[in-house]
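protein-v2.cif follows (mmCIF, C-alpha atoms):
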```cif
data_structure
#
loop_
_atom_site.label_atom_id
_atom_site.label_comp_id
_atom_site.auth_asym_id
_atom_site.auth_seq_id
_atom_site.Cartn_x
_atom_site.Cartn_y
_atom_site.Cartn_z
CA MET A 1 94.33 116.53 64.70
CA THR A 2 92.80 114.06 62.28
CA HIS A 3 94.02 110.94 60.51
CA PRO A 4 92.57 108.64 57.85
CA THR A 5 90.64 105.72 59.23
CA PRO A 6 88.72 103.74 56.65
CA ASP A 7 85.77 101.84 58.04
CA HIS A 8 85.46 98.55 56.14
CA ARG A 9 82.30 96.49 56.22
CA PRO A 10 81.86 92.95 55.04
CA GLY A 11 80.43 92.90 51.55
CA SER A 12 81.15 96.55 50.78
CA ALA A 13 82.75 97.27 47.44
CA ALA A 14 84.54 100.39 48.60
CA ALA A 15 86.49 100.98 51.75
CA PRO A 16 85.08 104.15 53.30
CA ALA A 17 87.22 106.64 55.19
CA VAL A 18 86.47 108.42 58.43
CA GLN A 19 88.23 111.41 59.93
CA LEU A 20 88.61 111.09 63.69
CA ASP A 21 89.60 113.63 66.26
CA ALA A 22 92.92 112.32 67.57
CA THR A 23 92.71 113.99 70.95
CA PRO A 24 92.80 111.41 73.78
CA SER A 25 89.68 112.83 75.41
CA ALA A 26 87.54 112.40 72.31
CA ALA A 27 86.89 108.68 72.89
CA SER A 28 85.90 109.07 76.51
CA ALA A 29 83.66 112.07 75.87
CA ALA A 30 81.98 110.83 72.68
CA PRO A 31 78.73 108.92 72.96
CA VAL A 32 78.67 105.38 71.63
CA ALA A 33 77.03 105.63 68.21
CA ALA A 34 76.30 103.41 65.24
CA ALA A 35 79.04 102.76 62.70
CA PRO A 36 79.52 105.76 60.38
CA VAL A 37 78.95 105.54 56.62
CA PRO A 38 81.88 107.57 55.25
CA ALA A 39 83.43 108.14 51.79
CA ALA A 40 86.08 105.98 50.06
CA PRO A 41 89.56 105.94 51.64
CA ALA A 42 92.65 107.48 50.22
CA VAL A 43 95.33 104.83 50.70
CA PRO A 44 98.36 106.01 48.73
CA ALA A 45 99.64 103.48 46.18
CA HIS A 46 103.14 103.64 47.67
CA PHE A 47 101.79 102.21 50.95
CA GLN A 48 102.85 98.58 50.54
CA GLN A 49 103.54 97.19 54.03
CA PHE A 50 100.91 97.13 56.80
CA LEU A 51 100.60 95.93 60.38
CA ALA A 52 97.17 95.06 61.71
CA PHE A 53 95.88 94.79 65.27
CA ASP A 54 92.89 93.08 66.84
CA PHE A 55 92.79 95.13 70.04
CA GLY A 56 91.86 93.60 73.35
CA THR A 57 92.38 94.83 76.90
CA LYS A 58 94.42 91.70 77.76
CA ARG A 59 95.58 90.42 74.37
CA THR A 60 96.12 92.21 71.07
CA GLY A 61 96.38 90.08 67.95
CA CYS A 62 98.93 91.19 65.37
CA ALA A 63 99.47 90.48 61.67
CA SER A 64 101.74 91.73 58.92
CA GLY A 65 100.86 91.93 55.25
CA ASN A 66 101.64 93.67 52.04
CA ARG A 67 99.76 95.03 49.11
CA VAL A 68 101.78 93.23 46.43
CA LEU A 69 100.93 89.72 47.64
CA GLY A 70 97.56 90.78 49.03
CA GLY A 71 97.94 88.47 52.00
CA ALA A 72 98.68 88.62 55.69
CA SER A 73 100.58 86.47 58.17
CA PRO A 74 99.87 86.20 61.89
CA LEU A 75 102.46 87.52 64.30
CA ARG A 76 102.86 86.88 68.00
CA THR A 77 99.90 88.12 70.04
CA ILE A 78 100.77 90.89 72.48
CA GLN A 79 99.99 89.70 76.02
CA ALA A 80 99.91 93.01 77.86
CA GLU A 81 97.23 94.65 79.94
CA GLY A 82 98.99 97.97 80.51
CA ALA A 83 99.29 100.60 77.80
CA ASP A 84 103.04 101.07 78.30
CA ALA A 85 103.81 97.38 77.80
CA ARG A 86 101.40 97.12 74.86
CA PHE A 87 102.90 100.13 73.07
CA ALA A 88 106.47 98.92 73.73
CA ALA A 89 105.58 95.65 71.98
CA VAL A 90 103.92 97.55 69.11
CA GLU A 91 107.02 99.73 68.75
CA LYS A 92 109.20 96.62 68.35
CA LEU A 93 106.88 95.31 65.64
CA ILE A 94 106.95 98.64 63.81
CA GLN A 95 110.75 98.70 63.94
CA GLU A 96 110.93 95.12 62.66
CA TRP A 97 108.32 95.30 59.87
CA GLN A 98 108.60 99.01 58.86
CA PRO A 99 104.95 99.45 57.82
CA GLN A 100 103.75 102.53 55.95
CA ALA A 101 100.41 102.32 57.77
CA LEU A 102 98.56 100.48 60.52
CA VAL A 103 95.17 98.78 60.40
CA ILE A 104 92.93 98.17 63.41
CA GLY A 105 89.84 96.07 63.78
CA VAL A 106 86.88 97.92 65.25
CA PRO A 107 84.06 95.79 66.69
CA TYR A 108 80.39 96.57 66.24
CA HIS A 109 77.21 94.79 67.26
CA PRO A 110 75.66 92.65 64.49
CA ASP A 111 73.19 95.48 63.72
CA GLY A 112 76.07 97.94 63.22
CA ALA A 113 75.65 99.70 66.57
CA ALA A 114 78.78 100.67 68.44
CA HIS A 115 79.52 99.50 71.99
CA GLU A 116 82.19 100.02 74.67
CA ASN A 117 84.80 97.95 72.84
CA THR A 118 84.18 100.04 69.72
CA VAL A 119 85.21 103.12 71.68
CA ARG A 120 88.24 101.33 73.15
CA ALA A 121 89.47 100.10 69.76
CA ARG A 122 89.08 103.53 68.16
CA LYS A 123 90.95 105.12 71.07
CA PHE A 124 93.73 102.56 70.55
CA GLY A 125 93.86 103.65 66.90
CA ARG A 126 94.19 107.31 67.85
CA GLN A 127 96.93 106.42 70.35
CA LEU A 128 98.82 104.45 67.68
CA HIS A 129 98.63 107.43 65.34
CA GLY A 130 99.73 109.84 68.07
CA ARG A 131 102.68 107.74 69.24
CA PHE A 132 104.01 106.43 65.93
CA ARG A 133 102.82 109.08 63.43
CA LEU A 134 101.63 106.47 60.97
CA PRO A 135 98.26 106.53 59.23
CA VAL A 136 95.74 104.25 60.95
CA TYR A 137 92.92 102.60 59.00
CA GLU A 138 89.88 101.02 60.63
CA VAL A 139 88.20 97.79 59.53
CA ASP A 140 84.83 96.61 60.78
CA GLU A 141 85.86 93.38 62.49
CA ARG A 142 82.47 91.84 63.16
CA TYR A 143 82.77 88.05 63.22
CA SER A 144 86.57 87.98 62.71
CA THR A 145 87.11 85.98 65.91
CA THR A 146 84.26 83.62 65.03
CA GLU A 147 85.80 83.11 61.58
CA ALA A 148 89.25 82.53 63.12
CA LEU A 149 87.91 79.95 65.57
CA ALA A 150 85.86 78.23 62.86
CA GLY A 151 89.06 77.95 60.83
CA GLY A 152 90.75 76.12 63.71
CA ALA A 153 93.11 78.93 64.73
CA LYS A 154 95.46 78.09 67.58
CA ASP A 155 95.81 81.82 68.33
CA ALA A 156 92.41 83.40 67.62
CA ASP A 157 93.69 86.93 68.26
CA ALA A 158 96.52 86.74 65.70
CA ALA A 159 94.24 84.93 63.23
CA SER A 160 91.62 87.68 63.68
CA ALA A 161 94.27 90.33 62.96
CA CYS A 162 95.09 88.38 59.77
CA ILE A 163 91.45 88.33 58.73
CA ILE A 164 91.16 92.07 59.42
CA LEU A 165 94.27 92.85 57.35
CA GLU A 166 93.26 90.57 54.47
CA GLN A 167 89.85 92.27 54.36
CA PHE A 168 91.60 95.65 54.23
CA LEU A 169 94.03 94.53 51.51
CA ARG A 170 91.18 93.14 49.37
CA SER A 171 89.51 96.56 49.46
CA LEU A 172 92.55 98.31 47.96
CA PRO A 173 92.73 99.05 44.23
#
```
This entry written out as structure tokens:
Amino acid sequence: MTHPTPDHRPGSAAAPAVQLDATPSAASAAPVAAAPVPAAPAVPAHFQQFLAFDFGTKRTGCASGNRVLGGASPLRTIQAEGADARFAAVEKLIQEWQPQALVIGVPYHPDGAAHENTVRARKFGRQLHGRFRLPVYEVDERYSTTEALAGGAKDADAASACIILEQFLRSLP
């Protein structure tokens, strides 16, 4: 099974799309590789409401935003280490905000190379798609936490999710 997952890079004019294998074993079996350079995403115009996540094994930052205003607002960070608790919290957010799609930040090394957290974040995206049957778009989140902290964020995880979602929204036509 595949789902759309645009890979956004700072400074890119277009928001490329990547097709991922949504099977749970794909992330654990795949080697860690450099960030792909895919084609432009197909984000339907009727997709207006989005939830974004800055995945972490202990904390997952969350933000909500919409296409009309082109902005994002931080939501409460999910403080859950276990998958069941994390996905229960995500489910509540989805029920509350009713997004048409989800956006996840995917970390890369400064040179664009993937690392262990890249694999974890992409697996989280596939799990979101599998559980909630919503399209999941990926955004290259390099430096989002640094930017959030430099901006004086009280909750760097939620602020990072905001930055990720705003970057995604800016890339939409």
Running the PyMOL selection byres ((chain A and resi 120) around 10) on this model by hand, what would come out? Give it as a PDB file with C-alpha atoms, in the frame of the given file.
```pdb
ATOM      1  CA  ALA A  27      86.890 108.680  72.890  1.00  0.00           C
ATOM      2  CA  SER A  28      85.900 109.070  76.510  1.00  0.00           C
ATOM      3  CA  PHE A  55      92.790  95.130  70.040  1.00  0.00           C
ATOM      4  CA  GLY A  56      91.860  93.600  73.350  1.00  0.00           C
ATOM      5  CA  THR A  57      92.380  94.830  76.900  1.00  0.00           C
ATOM      6  CA  VAL A 106      86.880  97.920  65.250  1.00  0.00           C
ATOM      7  CA  PRO A 107      84.060  95.790  66.690  1.00  0.00           C
ATOM      8  CA  HIS A 115      79.520  99.500  71.990  1.00  0.00           C
ATOM      9  CA  GLU A 116      82.190 100.020  74.670  1.00  0.00           C
ATOM     10  CA  ASN A 117      84.800  97.950  72.840  1.00  0.00           C
ATOM     11  CA  THR A 118      84.180 100.040  69.720  1.00  0.00           C
ATOM     12  CA  VAL A 119      85.210 103.120  71.680  1.00  0.00           C
ATOM     13  CA  ALA A 121      89.470 100.100  69.760  1.00  0.00           C
ATOM     14  CA  ARG A 122      89.080 103.530  68.160  1.00  0.00           C
ATOM     15  CA  LYS A 123      90.950 105.120  71.070  1.00  0.00           C
ATOM     16  CA  PHE A 124      93.730 102.560  70.550  1.00  0.00           C
ATOM     17  CA  GLY A 125      93.860 103.650  66.900  1.00  0.00           C
ATOM     18  CA  ARG A 126      94.190 107.310  67.850  1.00  0.00           C
TER      19      ARG A 126
END
```
Practice problem: Tell me which of A:Lys58, A:Ile104, A:Gly151, A:Ser171 sits closest to A:Ala80, counting only C-alpha atoms. | Solution: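 Smallest separation from A:Ala80 among the options: A:Lys58.
For the residues A:Arg59, A:Lys154, A:His129, A:His46, ranking by smallest atom-to-atom distance to A:Ala85 using only C-alpha atoms places A:Arg59 first.
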Quiz item: Do you have the atom CA of A:Asp140-atom CA of A:Gly152 distance handy?
Solution: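 Between these atoms lies a distance of 21.5 Å.
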Quiz item: Got a sec to resolve the PyMOL selection byres ((chain A and resi 169) around 8) on this structure and send the residues as a list in words?
Solution: Asn66, Arg67, Gly70, Gly71, Leu165, Glu166, Gln167, Phe168, Arg170, Ser171 and Leu172 of chain A
Quiz item: Near A:Leu102, within 10 Å and counting only C-alpha atoms, which residues show up once chain neighbours fewer than 6 positions away are dropped, as a VMD selection string?
Solution: chain A and resid 5 49 to 53 64 94 125 128 to 129 132 134 to 138 165
Quiz item: How many Å lie between atom CA of A:Val90 and atom CA of A:Ala159, rounded to one decimal?
Solution: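 A separation of 17.0 Å between them.
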With the file shown as input, list the residues that the PyMOL selection byres ((chain A and resi 100) around 6) selects, as an mmCIF file with C-alpha atoms, in the frame of the given file.
```
data_model
loop_
_atom_site.group_PDB
_atom_site.id
_atom_site.type_symbol
_atom_site.label_atom_id
_atom_site.label_comp_id
_atom_site.auth_asym_id
_atom_site.auth_seq_id
_atom_site.Cartn_x
_atom_site.Cartn_y
_atom_site.Cartn_z
ATOM 1 C CA PHE A 47 101.790 102.210 50.950
ATOM 2 C CA GLN A 49 103.540 97.190 54.030
ATOM 3 C CA PRO A 99 104.950 99.450 57.820
ATOM 4 C CA ALA A 101 100.410 102.320 57.770
#
```
Practice problem: May I ask for the distance between atom CA of A:Ile78 and atom CA of A:Ala114, given in Å to one decimal place? | Solution: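 Result for atom CA of A:Ile78 versus atom CA of A:Ala114: 24.4 Å, one decimal.
Among the candidates A:Ser144, A:Gln127, A:Gln48, A:Gln95, the residue lying nearest to A:Ala158 is A:Ser144 (atoms considered: only C-alpha atoms).
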